[in-house]
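K.L.:
Please find model11.cif (mmCIF, C-alpha atoms) on the next line:
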```cif
data_model
#
loop_
_atom_site.label_atom_id
_atom_site.label_comp_id
_atom_site.auth_asym_id
_atom_site.auth_seq_id
_atom_site.Cartn_x
_atom_site.Cartn_y
_atom_site.Cartn_z
CA MET N 1381 46.66 52.76 -16.02
CA SER N 1382 47.28 52.14 -12.38
CA GLY N 1383 49.33 55.01 -11.01
CA GLN N 1384 50.19 55.75 -7.43
CA VAL N 1385 48.58 58.30 -5.17
CA THR N 1386 49.45 59.55 -1.73
CA ILE N 1387 46.90 59.70 1.04
CA THR N 1388 47.34 60.44 4.72
CA VAL N 1389 46.25 58.15 7.51
CA ASN N 1390 46.05 59.97 10.83
CA GLY N 1391 48.48 62.46 9.31
CA ALA N 1392 51.04 59.94 8.08
CA ALA N 1393 51.60 59.65 4.35
CA LEU N 1394 50.67 56.38 2.67
CA HIS N 1395 51.38 55.54 -0.96
CA CYS N 1396 48.87 53.29 -2.66
CA ALA N 1397 47.51 52.36 -6.06
CA SER N 1398 45.18 54.96 -7.54
CA THR N 1399 42.61 52.20 -8.04
CA ALA N 1400 42.66 51.09 -4.39
CA THR N 1401 39.71 51.38 -2.09
CA VAL N 1402 40.32 52.98 1.29
CA ALA N 1403 39.94 49.55 2.91
CA ALA N 1404 42.46 47.97 0.55
CA ALA N 1405 44.96 50.76 1.18
CA LEU N 1406 44.62 50.38 4.95
CA LEU N 1407 44.82 46.57 4.90
CA ASP N 1408 47.79 46.63 2.56
CA ASP N 1409 49.55 48.96 4.98
CA GLY N 1410 49.99 46.05 7.38
CA ARG N 1411 48.04 47.65 10.20
CA GLY N 1412 45.92 44.53 10.73
CA PRO N 1413 42.27 43.95 9.99
CA ALA N 1414 40.76 46.39 12.52
CA LEU N 1415 39.63 49.66 10.94
CA ARG N 1416 37.91 51.30 13.89
CA ARG N 1417 36.74 50.87 17.46
CA THR N 1418 33.11 50.95 18.50
CA ASP N 1419 31.97 54.17 20.17
CA LEU N 1420 30.72 52.77 23.45
CA SER N 1421 32.63 49.61 24.29
CA GLY N 1422 35.72 50.25 22.19
CA GLN N 1423 35.69 46.89 20.48
CA PRO N 1424 37.65 46.53 17.26
CA ARG N 1425 35.81 46.25 13.97
CA GLY N 1426 37.01 45.51 10.47
CA LEU N 1427 35.59 44.68 7.08
CA PHE N 1428 32.66 42.32 7.29
CA CYS N 1429 30.59 42.29 4.11
CA GLY N 1430 33.23 44.07 2.07
CA MET N 1431 30.62 45.35 -0.38
CA GLY N 1432 28.95 48.39 1.10
CA LEU N 1433 26.08 46.74 2.93
CA CYS N 1434 26.97 46.28 6.58
CA PHE N 1435 28.53 49.65 7.48
CA ASP N 1436 31.06 48.06 9.80
CA CYS N 1437 34.15 49.54 8.12
CA LEU N 1438 33.39 53.21 8.73
CA VAL N 1439 36.27 55.67 8.69
CA THR N 1440 36.56 59.45 8.51
CA VAL N 1441 37.52 60.77 5.08
CA ASP N 1442 38.46 64.43 4.58
CA GLY N 1443 36.68 65.28 7.79
CA ARG N 1444 33.52 63.47 6.82
CA PRO N 1445 32.63 60.72 9.31
CA ASP N 1446 31.07 57.32 8.68
CA VAL N 1447 32.40 56.72 5.19
CA ARG N 1448 32.45 53.08 4.07
CA ALA N 1449 36.08 52.15 3.53
CA CYS N 1450 35.19 49.11 1.43
CA ILE N 1451 33.56 50.95 -1.46
CA THR N 1452 35.30 54.32 -1.32
CA ASN N 1453 38.14 54.81 -3.76
CA VAL N 1454 41.27 56.66 -2.70
CA ARG N 1455 42.09 60.02 -4.22
CA ASP N 1456 45.39 61.83 -4.18
CA GLY N 1457 45.60 63.95 -1.05
CA MET N 1458 42.72 62.19 0.69
CA ARG N 1459 42.88 62.49 4.47
CA ILE N 1460 41.77 59.44 6.42
CA GLU N 1461 41.25 59.29 10.15
CA VAL N 1462 41.01 55.97 11.91
CA PRO N 1463 40.88 55.62 15.69
CA MET T 975 20.84 71.46 -3.51
CA SER T 976 19.56 70.22 -6.82
CA ALA T 977 20.31 66.97 -8.55
CA ARG T 978 20.97 66.74 -12.25
CA THR T 979 18.18 64.97 -14.12
CA LEU T 980 18.78 62.10 -16.48
CA THR T 981 15.98 60.97 -18.76
CA THR T 982 15.88 57.57 -20.36
CA ASP T 983 13.51 54.95 -21.75
CA ILE T 984 14.63 52.10 -19.53
CA ALA T 985 16.53 52.37 -16.28
CA ILE T 986 18.22 49.26 -14.95
CA VAL T 987 19.36 48.99 -11.36
CA GLY T 988 22.25 46.59 -11.02
CA GLY T 989 25.07 45.99 -13.48
CA GLY T 990 25.81 42.31 -13.03
CA PRO T 991 25.52 39.76 -15.82
CA ALA T 992 21.72 39.98 -15.72
CA GLY T 993 21.48 43.76 -15.71
CA LEU T 994 24.13 44.08 -18.39
CA SER T 995 22.51 41.43 -20.56
CA ALA T 996 19.11 43.08 -20.21
CA ALA T 997 20.63 46.47 -20.94
CA THR T 998 22.33 45.18 -24.07
CA ALA T 999 19.15 43.48 -25.28
CA ALA T 1000 17.04 46.58 -24.68
CA ALA T 1001 19.54 48.97 -26.25
CA THR T 1002 19.96 46.69 -29.25
CA SER T 1003 16.23 46.83 -29.81
CA GLY T 1004 16.37 50.59 -29.94
CA ALA T 1005 15.61 51.80 -26.40
CA ARG T 1006 17.65 54.40 -24.58
CA VAL T 1007 19.05 52.56 -21.59
CA LEU T 1008 20.65 53.85 -18.41
CA LEU T 1009 22.27 51.25 -16.18
CA ILE T 1010 22.97 52.21 -12.57
CA ASP T 1011 25.49 50.30 -10.48
CA ALA T 1012 26.53 51.01 -6.91
CA TYR T 1013 30.16 50.06 -7.43
CA SER T 1014 32.83 51.96 -9.27
CA GLN T 1015 32.49 49.58 -12.18
CA ALA T 1016 29.67 47.41 -13.39
CA SER T 1017 30.15 43.61 -13.59
CA GLY T 1018 28.56 42.16 -10.48
CA GLN T 1019 30.16 39.35 -8.58
CA TYR T 1020 30.39 36.61 -11.16
CA TRP T 1021 31.90 38.89 -13.77
CA MET T 1022 33.91 40.86 -11.23
CA GLN T 1023 36.68 43.01 -12.64
CA ALA T 1024 40.00 43.90 -11.09
CA ALA T 1025 40.04 47.58 -10.14
CA ASP T 1026 43.26 48.19 -12.04
CA GLY T 1027 41.94 46.38 -15.11
CA GLY T 1028 44.64 43.77 -14.65
CA ALA T 1029 44.69 40.19 -15.81
CA ALA T 1030 42.14 37.85 -14.29
CA GLY T 1031 40.35 34.61 -15.04
CA ALA T 1032 37.80 33.42 -17.53
CA GLN T 1033 34.87 34.92 -15.62
CA ALA T 1034 36.43 38.38 -15.64
CA ALA T 1035 37.09 38.01 -19.35
CA GLU T 1036 33.43 37.12 -19.90
CA GLY T 1037 32.59 40.20 -17.89
CA ARG T 1038 34.84 42.46 -19.95
CA ALA T 1039 33.08 41.21 -23.04
CA GLY T 1040 29.67 41.74 -21.44
CA ILE T 1041 30.49 45.31 -20.49
CA ALA T 1042 31.93 45.98 -23.94
CA ARG T 1043 28.75 44.63 -25.57
CA ALA T 1044 26.58 46.90 -23.43
CA LYS T 1045 28.69 49.94 -24.26
CA ALA T 1046 28.74 49.09 -27.95
CA ALA T 1047 24.95 48.80 -27.89
CA GLY T 1048 24.78 52.35 -26.53
CA VAL T 1049 23.98 51.64 -22.90
CA GLN T 1050 24.79 54.58 -20.66
CA LEU T 1051 26.54 53.46 -17.48
CA LEU T 1052 26.12 55.36 -14.22
CA THR T 1053 28.53 53.67 -11.84
CA GLY T 1054 29.27 54.45 -8.23
CA PHE T 1055 25.65 55.55 -7.69
CA GLU T 1056 23.33 53.99 -5.13
CA VAL T 1057 19.57 54.33 -5.51
CA PHE T 1058 18.14 55.77 -2.31
CA ALA T 1059 14.63 56.77 -3.32
CA ALA T 1060 11.99 55.76 -5.86
CA TYR T 1061 8.79 57.60 -6.71
CA PRO T 1062 5.95 57.43 -9.19
CA GLY T 1063 7.19 58.24 -12.63
CA PRO T 1064 9.09 55.98 -12.20
CA THR T 1065 11.67 58.36 -10.85
CA LEU T 1066 14.76 57.23 -9.03
CA PHE T 1067 17.17 59.26 -6.99
CA ALA T 1068 20.71 58.02 -6.73
CA ALA T 1069 23.82 59.35 -5.05
CA SER T 1070 27.54 58.83 -5.28
CA ALA T 1071 30.08 60.12 -2.79
CA GLU T 1072 30.10 63.58 -4.37
CA ASP T 1073 27.16 63.75 -6.70
CA SER T 1074 23.51 62.94 -7.04
CA ALA T 1075 21.13 62.36 -9.89
CA ARG T 1076 17.45 62.17 -10.57
CA ILE T 1077 16.54 59.52 -13.12
CA ASP T 1078 13.26 59.69 -15.00
CA CYS T 1079 12.41 56.59 -16.99
CA LYS T 1080 9.54 54.94 -18.79
CA ALA T 1081 10.34 51.45 -17.57
CA LEU T 1082 12.44 50.10 -14.78
CA ILE T 1083 14.31 46.84 -14.43
CA VAL T 1084 15.54 45.79 -11.02
CA ALA T 1085 18.52 43.45 -11.11
CA SER T 1086 19.93 44.30 -7.75
CA GLY T 1087 21.46 40.99 -6.86
CA ALA T 1088 22.07 39.24 -3.62
CA HIS T 1089 24.57 39.04 -0.83
CA ASP T 1090 25.92 36.31 1.41
CA ARG T 1091 23.62 34.87 3.98
CA THR T 1092 25.55 34.79 7.19
CA VAL T 1093 24.72 33.61 10.66
CA ALA T 1094 25.56 35.41 13.87
CA LEU T 1095 27.86 33.48 16.14
CA PRO T 1096 29.86 34.42 19.21
CA GLY T 1097 32.90 36.36 18.05
CA TRP T 1098 31.57 37.22 14.60
CA THR T 1099 32.39 40.91 15.05
CA LEU T 1100 36.10 40.21 15.44
CA PRO T 1101 38.20 41.75 12.68
CA GLY T 1102 39.19 38.99 10.29
CA VAL T 1103 35.70 37.48 10.32
CA MET T 1104 34.06 38.30 7.00
CA THR T 1105 31.53 37.10 4.53
CA ALA T 1106 32.98 34.83 1.89
CA GLY T 1107 31.68 37.23 -0.75
CA GLY T 1108 33.47 40.14 0.87
CA ALA T 1109 36.79 38.32 0.88
CA GLN T 1110 36.20 37.28 -2.71
CA ARG T 1111 35.52 40.86 -3.70
CA LEU T 1112 38.62 42.14 -1.92
CA ALA T 1113 40.80 39.52 -3.58
CA LYS T 1114 39.32 39.87 -7.05
CA THR T 1115 39.01 43.63 -7.30
CA GLN T 1116 41.98 44.70 -5.19
CA GLY T 1117 44.24 41.66 -5.20
CA ILE T 1118 44.35 41.71 -1.41
CA LEU T 1119 43.91 38.77 0.94
CA SER T 1120 41.77 39.22 4.03
CA GLY T 1121 43.91 36.62 5.78
CA ARG T 1122 46.77 34.21 5.21
CA ARG T 1123 45.44 31.16 7.05
CA ILE T 1124 41.72 30.96 6.68
CA VAL T 1125 38.76 28.82 7.70
CA LEU T 1126 35.74 28.81 5.37
CA SER T 1127 32.38 27.81 6.83
CA GLY T 1128 28.90 27.47 5.39
CA SER T 1129 27.29 25.67 2.53
CA GLY T 1130 27.16 25.87 -1.21
CA ILE T 1131 29.54 25.80 -4.10
CA PHE T 1132 30.32 29.49 -3.65
CA LEU T 1133 32.60 28.50 -0.76
CA TYR T 1134 34.65 26.55 -3.28
CA ALA T 1135 34.84 29.48 -5.66
CA VAL T 1136 36.12 31.70 -2.86
CA ALA T 1137 38.61 29.07 -1.68
CA ASP T 1138 39.86 28.77 -5.25
CA THR T 1139 40.42 32.52 -5.56
CA LEU T 1140 42.19 32.79 -2.22
CA ILE T 1141 44.41 29.76 -2.78
CA ALA T 1142 45.43 31.16 -6.17
CA LYS T 1143 46.49 34.36 -4.41
CA GLY T 1144 48.58 32.45 -1.90
CA ALA T 1145 46.31 31.96 1.10
CA GLU T 1146 46.19 28.71 3.01
CA ILE T 1147 42.72 27.29 3.61
CA ALA T 1148 43.20 25.62 6.98
CA ALA T 1149 39.73 24.10 6.78
CA LEU T 1150 36.70 24.04 4.55
CA VAL T 1151 33.79 23.41 6.92
CA GLU T 1152 30.61 22.50 5.11
CA ALA T 1153 27.22 22.08 6.68
CA ARG T 1154 26.35 20.20 3.55
CA SER T 1155 28.43 19.49 0.46
CA PRO T 1156 27.36 20.27 -3.08
CA ASN T 1157 25.78 16.95 -3.91
CA ALA T 1158 24.48 14.79 -6.68
CA ALA T 1159 21.32 16.85 -7.06
CA LEU T 1160 23.34 19.96 -7.72
CA LEU T 1161 25.55 18.27 -10.25
CA HIS T 1162 22.54 16.73 -11.91
CA HIS T 1163 21.00 20.17 -12.17
CA LEU T 1164 24.18 21.64 -13.59
CA GLY T 1165 24.19 18.84 -16.13
CA ARG T 1166 21.77 20.99 -18.05
CA PHE T 1167 24.58 23.44 -18.67
CA PRO T 1168 27.51 21.31 -19.83
CA GLU T 1169 29.99 24.17 -19.78
CA ARG T 1170 29.03 25.13 -16.23
CA TRP T 1171 28.96 21.51 -15.15
CA ARG T 1172 32.57 21.13 -16.23
CA GLU T 1173 33.46 24.37 -14.48
CA ALA T 1174 31.80 23.18 -11.27
CA THR T 1175 33.23 19.68 -11.15
CA ALA T 1176 36.73 20.93 -11.91
CA LEU T 1177 36.33 23.51 -9.15
CA LEU T 1178 35.20 20.93 -6.59
CA ARG T 1179 38.07 18.60 -7.40
CA ARG T 1180 40.70 21.34 -7.45
CA VAL T 1181 39.65 22.85 -4.15
CA ARG T 1182 39.18 19.57 -2.26
CA ARG T 1183 42.76 18.64 -3.15
CA ARG T 1184 44.13 21.88 -1.83
CA VAL T 1185 42.36 22.64 1.44
CA GLY T 1186 44.01 21.61 4.70
CA ARG T 1187 40.98 19.87 6.15
CA HIS T 1188 37.63 19.23 4.56
CA LEU T 1189 34.95 18.81 7.21
CA THR T 1190 31.35 18.08 6.27
CA GLY T 1191 28.23 18.00 8.39
CA GLN T 1192 29.85 20.60 10.64
CA ILE T 1193 29.73 24.35 11.15
CA VAL T 1194 31.86 26.93 12.87
CA THR T 1195 30.00 27.93 16.02
CA VAL T 1196 32.42 30.33 17.69
CA ALA T 1197 35.23 32.67 16.68
CA ARG T 1198 37.85 33.51 19.26
CA GLY T 1199 40.60 36.07 19.49
CA LYS T 1200 41.67 39.23 21.24
CA ASP T 1201 41.68 42.03 18.70
CA ARG T 1202 41.23 39.79 15.69
CA VAL T 1203 40.12 36.26 14.98
CA GLU T 1204 42.73 33.71 16.02
CA ALA T 1205 40.79 30.47 16.41
CA VAL T 1206 37.43 28.88 15.72
CA GLY T 1207 35.36 26.22 17.39
CA ILE T 1208 33.63 23.75 15.09
CA THR T 1209 30.57 21.70 16.02
CA ARG T 1210 29.23 18.60 14.32
CA LEU T 1211 25.63 18.97 13.26
CA ASP T 1212 24.82 15.54 14.66
CA GLY T 1213 25.88 16.82 18.06
CA ARG T 1214 28.70 14.32 18.36
CA GLY T 1215 31.60 16.53 19.16
CA VAL T 1216 33.39 19.80 18.84
CA GLN T 1217 36.89 20.70 17.82
CA ASP T 1218 39.04 23.80 17.59
CA ILE T 1219 41.30 25.12 14.90
CA ASP T 1220 43.93 27.55 16.14
CA GLY T 1221 46.50 29.74 14.51
CA ILE T 1222 44.23 31.30 11.88
CA ASP T 1223 43.76 34.92 10.90
CA GLY T 1224 40.56 34.69 8.91
CA LEU T 1225 37.08 33.16 9.15
CA LEU T 1226 34.79 33.47 6.13
CA THR T 1227 31.17 32.39 6.21
CA SER T 1228 28.48 32.03 3.59
CA PHE T 1229 25.32 29.97 3.83
CA GLY T 1230 24.01 30.81 0.41
CA PHE T 1231 22.59 34.13 -0.65
CA GLN T 1232 19.77 36.48 0.10
CA PRO T 1233 18.30 38.87 -2.42
CA GLN T 1234 18.83 42.57 -1.98
CA ILE T 1235 15.34 43.94 -1.69
CA GLU T 1236 16.17 47.58 -1.00
CA VAL T 1237 15.04 48.84 -4.38
CA THR T 1238 11.92 46.70 -4.62
CA SER T 1239 11.09 47.85 -1.08
CA LEU T 1240 11.47 51.47 -2.12
CA LEU T 1241 9.10 50.72 -4.99
CA GLY T 1242 6.53 49.38 -2.54
CA CYS T 1243 6.57 45.83 -3.86
CA GLU T 1244 5.12 43.09 -1.74
CA HIS T 1245 7.66 40.82 -0.14
CA ARG T 1246 7.38 37.50 1.56
CA PHE T 1247 9.77 35.56 3.74
CA ASP T 1248 11.05 32.27 2.43
CA ASP T 1249 13.74 30.70 4.51
CA THR T 1250 14.63 28.13 1.89
CA LEU T 1251 15.28 30.82 -0.66
CA GLY T 1252 17.29 32.94 1.72
CA GLY T 1253 14.98 35.46 3.31
CA TRP T 1254 12.73 38.20 2.01
CA LEU T 1255 11.79 38.06 -1.63
CA SER T 1256 9.68 40.31 -3.75
CA HIS T 1257 6.39 38.58 -4.22
CA ARG T 1258 5.66 36.97 -7.52
CA GLY T 1259 3.36 39.09 -9.57
CA SER T 1260 3.47 42.00 -7.18
CA GLN T 1261 3.59 45.39 -8.75
CA PRO T 1262 5.26 48.39 -7.28
CA ALA T 1263 2.87 50.46 -5.25
CA CYS T 1264 4.27 53.61 -6.78
CA ARG T 1265 3.25 52.64 -10.28
CA PRO T 1266 1.13 55.56 -11.31
CA GLU T 1267 -0.23 54.51 -14.67
CA PRO T 1268 -1.67 51.09 -15.38
CA TRP T 1269 0.06 50.94 -18.74
CA LEU T 1270 3.45 51.86 -17.44
CA PRO T 1271 5.66 48.85 -17.66
CA ILE T 1272 7.79 48.03 -14.72
CA ILE T 1273 9.73 44.93 -15.41
CA PHE T 1274 11.27 42.51 -13.02
CA LEU T 1275 13.82 40.07 -14.15
CA ARG T 1276 13.78 36.54 -13.01
CA SER T 1277 16.50 35.40 -10.80
CA ARG T 1278 17.91 32.33 -9.26
CA PHE T 1279 16.81 33.82 -5.99
CA SER T 1280 13.25 34.76 -6.63
CA ARG T 1281 10.86 34.76 -9.45
CA ASN T 1282 10.71 38.50 -9.69
CA GLN T 1283 14.15 39.71 -9.02
CA LEU T 1284 17.21 38.98 -10.98
CA ALA T 1285 20.56 38.80 -9.34
CA SER T 1286 23.00 41.31 -10.60
CA ARG T 1287 25.52 39.56 -8.44
CA PRO T 1288 24.89 35.90 -9.07
CA SER T 1289 28.27 35.33 -7.52
CA ASP T 1290 30.66 32.70 -8.56
CA ARG T 1291 28.13 30.04 -9.17
CA PRO T 1292 28.73 28.02 -12.22
CA ASP T 1293 25.34 28.61 -13.76
CA GLY T 1294 25.44 32.33 -14.28
CA PRO T 1295 22.76 33.99 -16.32
CA ARG T 1296 23.05 34.02 -20.06
CA GLN T 1297 21.33 36.23 -22.54
CA GLY T 1298 17.82 37.48 -22.37
CA ILE T 1299 15.38 39.34 -20.24
CA LEU T 1300 12.14 37.88 -19.19
CA ARG T 1301 10.53 34.63 -18.44
CA SER T 1302 7.12 34.27 -17.00
CA GLU T 1303 6.58 30.60 -16.18
CA PRO T 1304 7.27 29.59 -12.63
CA ILE T 1305 9.52 26.64 -12.00
CA SER T 1306 8.34 24.17 -9.42
CA ARG T 1307 10.66 22.13 -7.32
CA ARG T 1308 8.86 19.04 -8.58
CA SER T 1309 9.87 19.82 -12.10
CA LEU T 1310 13.48 19.40 -11.13
CA ILE T 1311 13.00 16.45 -8.90
CA GLN T 1312 10.89 14.53 -11.37
CA ARG T 1313 13.13 15.44 -14.26
CA ARG T 1314 10.33 16.78 -16.31
CA PRO T 1315 11.74 18.89 -19.09
CA LEU T 1316 11.79 22.47 -17.97
CA PRO T 1317 10.71 25.23 -20.29
CA VAL T 1318 13.88 26.69 -21.68
CA PRO T 1319 14.46 30.02 -20.01
CA ARG T 1320 15.92 32.63 -22.23
CA LEU T 1321 17.90 33.77 -19.24
CA GLY T 1322 19.34 30.37 -18.55
CA CYS T 1323 19.00 30.24 -14.81
CA ARG T 1324 16.67 28.27 -12.60
CA PRO T 1325 16.59 29.88 -9.23
CA ARG T 1326 14.26 27.85 -7.18
CA ALA T 1327 15.47 24.57 -8.50
CA PHE T 1328 19.05 25.56 -7.90
CA ARG T 1329 18.46 26.53 -4.33
CA ALA T 1330 16.30 23.54 -3.68
CA ALA T 1331 19.07 21.30 -4.88
CA ARG T 1332 21.64 23.08 -2.83
CA LEU T 1333 19.90 23.73 0.45
CA GLU T 1334 17.36 21.11 1.09
CA PRO T 1335 18.44 17.86 2.61
CA ARG T 1336 15.93 15.75 0.74
CA ALA T 1337 15.99 17.38 -2.67
CA ALA T 1338 17.90 14.60 -4.37
CA PRO T 1339 16.51 13.73 -7.80
CA SER T 1340 13.99 10.96 -7.78
CA GLU T 1341 13.89 8.45 -10.57
CA ALA T 1342 10.18 7.82 -10.07
#
```
Will you turn the file into structure tokens for me?

P.N.:
Amino acid sequence: MSGQVTITVNGAALHCASTATVAAALLDDGRGPALRRTDLSGQPRGLFCGMGLCFDCLVTVDGRPDVRACITNVRDGMRIEVP
Amino acid sequence: MSARTLTTDIAIVGGGPAGLSAATAAATSGARVLLIDAYSQASGQYWMQAADGGAAGAQAAEGRAGIARAKAAGVQLLTGFEVFAAYPGPTLFAASAEDSARIDCKALIVASGAHDRTVALPGWTLPGVMTAGGAQRLAKTQGILSGRRIVLSGSGIFLYAVADTLIAKGAEIAALVEARSPNAALLHHLGRFPERWREATALLRRVRRRVGRHLTGQIVTVARGKDRVEAVGITRLDGRGVQDIDGIDGLLTSFGFQPQIEVTSLLGCEHRFDDTLGGWLSHRGSQPACRPEPWLPIIFLRSRFSRNQLASRPSDRPDGPRQGILRSEPISRRSLIQRRPLPVPRLGCRPRAFRAARLEPRAAPSEA
């Protein structure tokens, strides 16, 4: 029941399980735990609560900013932008 | 933009063991029940399911059975929806990433659960520093480790449950740093639930054998690293020394749990702050301010966290809720300490007593 889908991360294709969350897909890609940089001071941020509460894992999905990577499921063709 | 409207007899917010059990009980007795859960599948933390439906442990199997029972009883599941507004009616509004819904109900049950209580410390924003519950969720639902060499810091048996999960997936626990160990009072309390007592003692033994270092009476006070956590500083609570652990890529903290009061806040319930119980709690006996009709029942489940709110995510504690819905008698801390027989809760969980046993330094059972 777990097929594969293809998403893009900053334009590059990434294959992942269809049941993955965006955070899981990014972490599994070996890019390290940072998912974004803060707007003002540019500090790295990653998953903290991992369950949709802290809003520290925000990424841009299909052009929509501030989407929580930890509770958003991937979809085939999804475009993800991370700084 | 208009939301679709769903009408039901009983709406339940939170699809953990408590919410699912309540939903099953209500649906079995003939009510139309709609259960709303914020995640893509119901189950909560204790019954957490792998996203791909893959094999998992006994708790996940219990959860599969619990979900199946609810579905068989006719409970309608609305997953991936977060409640963001509540009005007289009661009427809830909930949204998913692409959709929204208005929910009109005759009665409402809030079983919204709890999340890790964490403490801020220098370096806690570094990637690789997470709540223990977050790492547990990532490992259990996605099969992904947040780190390979991890330090766990905090208090409570949940740390052991997380360590157990991560070790089973191949992580190394460099150190388990406990402010205070699960103690005799906790085990005494769990003695009331033989099955859970066995689960807990086996867990403690298994994990203590397999962690690199087991430090008690100490907490992690600083996380260091450049773009991710690489080291931690650990301080003894008696002030007699500090030490560092280097070469790690994960720090997980959890100092117990705090109830999620978003929904009860939206409903206008009174809340009070109780540090022992983990923060803000809905006040016992308080009724939602939005309740428009005196006869309209709005039901709060009991929880291990507060008297009025039932955890939908009781987490991997070995005394998870059992069957049932409501219980009205309060439990005093004395009743645990003095070993007076407690009234048997249909739900099977004793929040205040549990937390008292776990958090308070002098809550050991007295033989007086």

K.L.:
So that I can check the surroundings of T:Gly1221, please list as an MDAnalysis selection string every protein, DNA and RNA residue that reaches within 9 Å of it, counting all atoms listed in the file and ignoring chain neighbours fewer than 4 positions away.

P.N.:
chainID T and resid 1123 1204:1205

K.L.:
Applying 8 Å and all atoms listed in the file, which residues near N:Gly1443 remain after dropping the ones on its own chain fewer than 5 positions away? List them as a list in words.

P.N.:
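Listing them by chain and then by number gives Arg1459, Ile1460 and Glu1461 of chain N.
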
K.L.:
Set the cut-off to 8 Å and count all atoms listed in the file: what are the residues of chain N that reach chain T? Output as a list in words.

P.N.:
Met1381, Ser1382, Thr1399, Ala1400, Thr1401, Ala1404, Leu1407, Asp1408, Pro1413, Ala1414, Gln1423, Pro1424, Arg1425, Gly1426, Leu1427, Phe1428, Cys1429, Gly1430, Met1431, Ile1451 and Thr1452 of chain N

K.L.:
Could you check how far atom CA of N:Ala1449 sits from atom CA of T:Asp1220, in Å to one decimal?

P.N.:
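Taking atom CA of N:Ala1449 as the start and atom CA of T:Asp1220 as the end point, the length is 28.7 Å.
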
K.L.:
For the structure shown, which residues end up in the PyMOL selection byres ((chain T and resi 1129-1138) around 8)? Put them as a ChimeraX atom specification, please?

P.N.:
/T:1106-1107,1109-1110,1126-1128,1139-1142,1147,1152-1156,1174,1177-1178,1180-1181,1228-1230,1289-1291,1332-1333

K.L.:
Keeping only C-alpha atoms, write the selected residues as a CSV table (one decimal), keeping the file's coordinate frame.

P.N.:
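In the end it all went to again_5.csv:
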```csv
chain,number,residue,atom,x,y,z
T,1106,ALA,CA,33.0,34.8,1.9
T,1107,GLY,CA,31.7,37.2,-0.8
T,1109,ALA,CA,36.8,38.3,0.9
T,1110,GLN,CA,36.2,37.3,-2.7
T,1126,LEU,CA,35.7,28.8,5.4
T,1127,SER,CA,32.4,27.8,6.8
T,1128,GLY,CA,28.9,27.5,5.4
T,1139,THR,CA,40.4,32.5,-5.6
T,1140,LEU,CA,42.2,32.8,-2.2
T,1141,ILE,CA,44.4,29.8,-2.8
T,1142,ALA,CA,45.4,31.2,-6.2
T,1147,ILE,CA,42.7,27.3,3.6
T,1152,GLU,CA,30.6,22.5,5.1
T,1153,ALA,CA,27.2,22.1,6.7
T,1154,ARG,CA,26.4,20.2,3.6
T,1155,SER,CA,28.4,19.5,0.5
T,1156,PRO,CA,27.4,20.3,-3.1
T,1174,ALA,CA,31.8,23.2,-11.3
T,1177,LEU,CA,36.3,23.5,-9.2
T,1178,LEU,CA,35.2,20.9,-6.6
T,1180,ARG,CA,40.7,21.3,-7.4
T,1181,VAL,CA,39.6,22.8,-4.2
T,1228,SER,CA,28.5,32.0,3.6
T,1229,PHE,CA,25.3,30.0,3.8
T,1230,GLY,CA,24.0,30.8,0.4
T,1289,SER,CA,28.3,35.3,-7.5
T,1290,ASP,CA,30.7,32.7,-8.6
T,1291,ARG,CA,28.1,30.0,-9.2
T,1332,ARG,CA,21.6,23.1,-2.8
T,1333,LEU,CA,19.9,23.7,0.4
```

K.L.:
Please evaluate the PyMOL selection byres ((chain T and resi 1017) around 10) against the displayed coordinates and give the resulting residues as a ChimeraX atom specification.

P.N.:
/T:988-994,1011,1013-1016,1018-1023,1034,1036-1038,1040-1041,1286-1287

K.L.:
With distances taken over only C-alpha atoms, which of T:Thr1227, T:Thr1175, T:Thr979, T:Thr1238 is nearest to T:Ser1256?

P.N.:
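Smallest distance to T:Ser1256 is found for T:Thr1238.
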
K.L.:
Find the distance between atom CA of T:Ile1222 and atom CA of T:Arg1182 and write it in Å to one decimal.

P.N.:
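Interatomic distance, atom CA of T:Ile1222 to atom CA of T:Arg1182: 19.1 Å.
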
K.L.:
Could you state the separation of atom CA of T:Val1049 and atom CA of T:Ala1000 in Å, given to one decimal place?

P.N.:
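Computing the Euclidean distance for atom CA of T:Val1049 and atom CA of T:Ala1000 yields 8.8 Å.
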
K.L.:
What residues come out when you apply the PyMOL selection byres ((chain N and resi 1445) around 12) to this file, written as a list in words?

P.N.:
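Taken on the displayed file, the PyMOL selection byres ((chain N and resi 1445) around 12) yields the residues Arg1416, Phe1435, Cys1437, Leu1438, Val1439, Thr1440, Val1441, Asp1442, Gly1443, Arg1444, Asp1446, Val1447, Arg1448, Ala1449, Arg1459, Ile1460, Glu1461, Val1462 and Pro1463 of chain N.
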
K.L.:
Considering all atoms listed in the file, return as a PyMOL selection string whatever protein or nucleic-acid residues lie within 12 Å of N:Thr1388, sequence-local ones (same chain, fewer than 2 positions apart) excluded.

P.N.:
chain N and resi 1385-1386+1390-1396+1402+1405-1406+1409+1440-1442+1454-1462

K.L.:
For T:Leu1189, which residue among T:Leu1255, T:Ile1219, T:Ala1094, T:Ala999 is the nearest when counting all atoms listed in the file?

P.N.:
T:Ile1219

K.L.:
Using only C-alpha atoms, which of N:Ala1403, N:Leu1433, N:Ser1398, N:Asn1453 sits nearest N:Leu1415?

P.N.:
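Looking only at the distances to N:Leu1415, the closest residue turns out to be N:Ala1403.
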
K.L.:
Which of these residues is nearest to T:Thr1190, using only C-alpha atoms: T:Ala1044, T:Leu1240, T:Ile1083, T:Leu1211?

P.N.:
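With only C-alpha atoms as the atom set, the closest residue is T:Leu1211.
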